[in-house]
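S.K.: The following block contains the structure, expressed as structure tokens.
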Amino acid sequence: MPESVSAAIEAFAALPGIGSRSAERLTFRLLTDQNNLAVRLSSALTEMKNNVKECDQCCFLTDENTCEICMDTRRDTTKLCIVESPLDVLALERTHEFRGRYHVLHGVISPLRKVRPEDIRLTELYAHIEQLPDLNEVILGLGGSTESEATALYIMEQLRGRFSGHVTRLARGIPSGSELDFLDAGTLGRAMTERREW
Ligand SMILES: [Zn+2]
């Protein structure tokens with residue numbers, strides 16, 4: 001096998017969810033493709049690596065200094081939703097339910113994986129909060145893992161003295177379309193304890 005082909009297979013196999021067989025199939029698909037897919041992919045990836053950086057306010061991805069969301073004057077600057085990853089911003093934007101600002105942490109605190117508070121974008125978070133004089137609600141939009149919960153608690157403590165408005169978090173609910181007896185006990189238990197007025 002030519003070395004470049006092996007290298008491509010190896011790179012694909014390093015991606016999450018792609019095993020060695022899929023890596024081989026993807027590589028040969030690119031190798032035999034008539035539409036220059038390999039060249040387009042390679043230039044898109046190079047361009048992405050060279051130009052994409054973190055927004056100087058919210059740490060979302062951008063190829064300018066400030067991202068489109070932070071630049072958008074129609075966004076509600078009284079609300080800030082803290083999330084773990086840029087993908088969470090995309091997921092929340094797809095719901096069309098939130099028109100405020102985001103702050104992307106790029107991870108959660110994890111003693112086990114040696115991720116310390118200074119390894120995620122907390123300094124940037126405090127600076128972002130200071131830049132929003134009308135801010136009255138910080139929403140902790142973190143996931144449901146133990147590490148995410150611990151990170152949310154840590155942030156709540158750190159916000160004392162820095163922010164005097166409401167601190168809320170996403171409701172843990174029942175996924176739409178699912179039956180109660182299919183839910184794990186943790187999800188169902190939370191749905192019960194965090195129930196709200198009809
Ligand atoms: Zn931004």
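Just remember, in the structure tokens the first chain shown is A, the second B, etc., residues are 1-based per chain, and ligands are 1-based in the order shown.
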Show me which residues line ligand 1, defined as having an atom within 7 Å of a ligand atom where only C-alpha atoms and all ligand atoms count, and present them as a list in words.
M.R.: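 Answer in the requested format: Cys55, Asp56, Gln57, Cys58, Cys59, Phe60, Thr66, Cys67, Glu68, Ile69 and Cys70 of chain A.
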S.K.: Based on DSSP run over this structure's backbone, return all residues of region 153-195 of chain A in helix (DSSP H, G or I), as a list in words.
M.R.: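 Everything in region 153-195 of chain A that counts as helix (DSSP H, G or I) is Leu153, Tyr154, Ile155, Met156, Glu157, Gln158, Leu159, Leu180, Asp181, Phe182, Ala185, Gly186, Thr187, Leu188, Gly189, Arg190, Ala191, Met192 and Thr193 of chain A.
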S.K.: Create the file for the chosen residues now, containing N, CA, C and O atoms and written as a short mmCIF file (atom, residue, chain, number, x, y, z; two decimals), in the first residue's frame.
M.R.:
```
data_model
loop_
_atom_site.label_atom_id
_atom_site.label_comp_id
_atom_site.auth_asym_id
_atom_site.auth_seq_id
_atom_site.Cartn_x
_atom_site.Cartn_y
_atom_site.Cartn_z
N LEU A 153 -21.89 23.49 39.31
CA LEU A 153 -21.83 23.93 40.71
C LEU A 153 -20.66 24.88 40.94
O LEU A 153 -20.78 25.92 41.59
N TYR A 154 -19.51 24.51 40.37
CA TYR A 154 -18.30 25.34 40.51
C TYR A 154 -18.57 26.73 39.93
O TYR A 154 -18.26 27.74 40.54
N ILE A 155 -19.18 26.78 38.75
CA ILE A 155 -19.45 28.07 38.11
C ILE A 155 -20.43 28.89 38.95
O ILE A 155 -20.23 30.10 39.15
N MET A 156 -21.44 28.21 39.50
CA MET A 156 -22.41 28.92 40.33
C MET A 156 -21.72 29.61 41.49
O MET A 156 -22.01 30.76 41.82
N GLU A 157 -20.78 28.90 42.13
CA GLU A 157 -20.05 29.49 43.25
C GLU A 157 -19.19 30.65 42.78
O GLU A 157 -19.12 31.68 43.44
N GLN A 158 -18.55 30.47 41.64
CA GLN A 158 -17.67 31.53 41.12
C GLN A 158 -18.45 32.78 40.70
O GLN A 158 -17.91 33.87 40.68
N LEU A 159 -19.73 32.59 40.36
CA LEU A 159 -20.51 33.74 39.89
C LEU A 159 -20.92 34.66 41.05
O LEU A 159 -21.21 35.83 40.84
N LEU A 180 -42.70 6.49 29.37
CA LEU A 180 -42.09 6.57 30.70
C LEU A 180 -41.27 5.33 31.03
O LEU A 180 -40.18 5.44 31.59
N ASP A 181 -41.79 4.16 30.67
CA ASP A 181 -41.07 2.96 31.11
C ASP A 181 -39.81 2.67 30.30
O ASP A 181 -39.09 1.74 30.57
N PHE A 182 -39.54 3.52 29.29
CA PHE A 182 -38.29 3.36 28.56
C PHE A 182 -37.17 4.24 29.14
O PHE A 182 -36.01 4.10 28.79
N ALA A 185 -33.92 5.48 35.29
CA ALA A 185 -34.46 5.98 36.55
C ALA A 185 -34.00 7.40 36.85
O ALA A 185 -34.75 8.21 37.39
N GLY A 186 -32.75 7.74 36.46
CA GLY A 186 -32.22 9.08 36.73
C GLY A 186 -33.04 10.15 36.01
O GLY A 186 -33.45 11.16 36.59
N THR A 187 -33.30 9.93 34.71
CA THR A 187 -34.05 10.90 33.91
C THR A 187 -35.48 11.05 34.43
O THR A 187 -35.98 12.17 34.60
N LEU A 188 -36.11 9.91 34.70
CA LEU A 188 -37.49 9.94 35.16
C LEU A 188 -37.59 10.58 36.55
O LEU A 188 -38.48 11.39 36.81
N GLY A 189 -36.64 10.24 37.42
CA GLY A 189 -36.63 10.80 38.77
C GLY A 189 -36.48 12.32 38.72
O GLY A 189 -37.18 13.05 39.43
N ARG A 190 -35.60 12.81 37.84
CA ARG A 190 -35.40 14.25 37.71
C ARG A 190 -36.64 14.92 37.15
O ARG A 190 -37.01 16.01 37.55
N ALA A 191 -37.27 14.26 36.17
CA ALA A 191 -38.48 14.84 35.58
C ALA A 191 -39.53 15.02 36.68
O ALA A 191 -40.28 16.00 36.67
N MET A 192 -39.56 14.10 37.63
CA MET A 192 -40.53 14.21 38.72
C MET A 192 -40.12 15.32 39.69
O MET A 192 -40.93 16.18 40.03
N THR A 193 -38.86 15.35 40.12
CA THR A 193 -38.47 16.36 41.12
C THR A 193 -38.48 17.77 40.53
O THR A 193 -38.70 18.74 41.24
#
```
S.K.: Measuring between only C-alpha atoms, which one of A:Gly107, A:Leu125, A:Glu47, A:Ser145 shows the shortest distance to Asp63 (chain A)?
M.R.: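 Counting only C-alpha atoms, the residue closest to Asp63 (chain A) is A:Glu47.
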S.K.: Using only C-alpha atoms, tabulate the residues of region 70-157 of chain A lying at most 8 Å from any atom of region 170-178 of chain A, each with its closest atom pair and that distance in Å to one decimal, by chain and increasing residue number, as a tab-separated table.
M.R.:
```
residue	atom	partner	partner_atom	distance
A:Ile139	CA	A:Leu170	CA	7.1
A:Leu140	CA	A:Leu170	CA	6.6
A:Gly141	CA	A:Leu170	CA	5.7
A:Leu142	CA	A:Leu170	CA	7.8
```
S.K.: At what distance in Å, to one decimal, does CA of Val52 (chain A) lie from CA of Leu87 (chain A)?
M.R.: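 So the answer is 14.7 Å.
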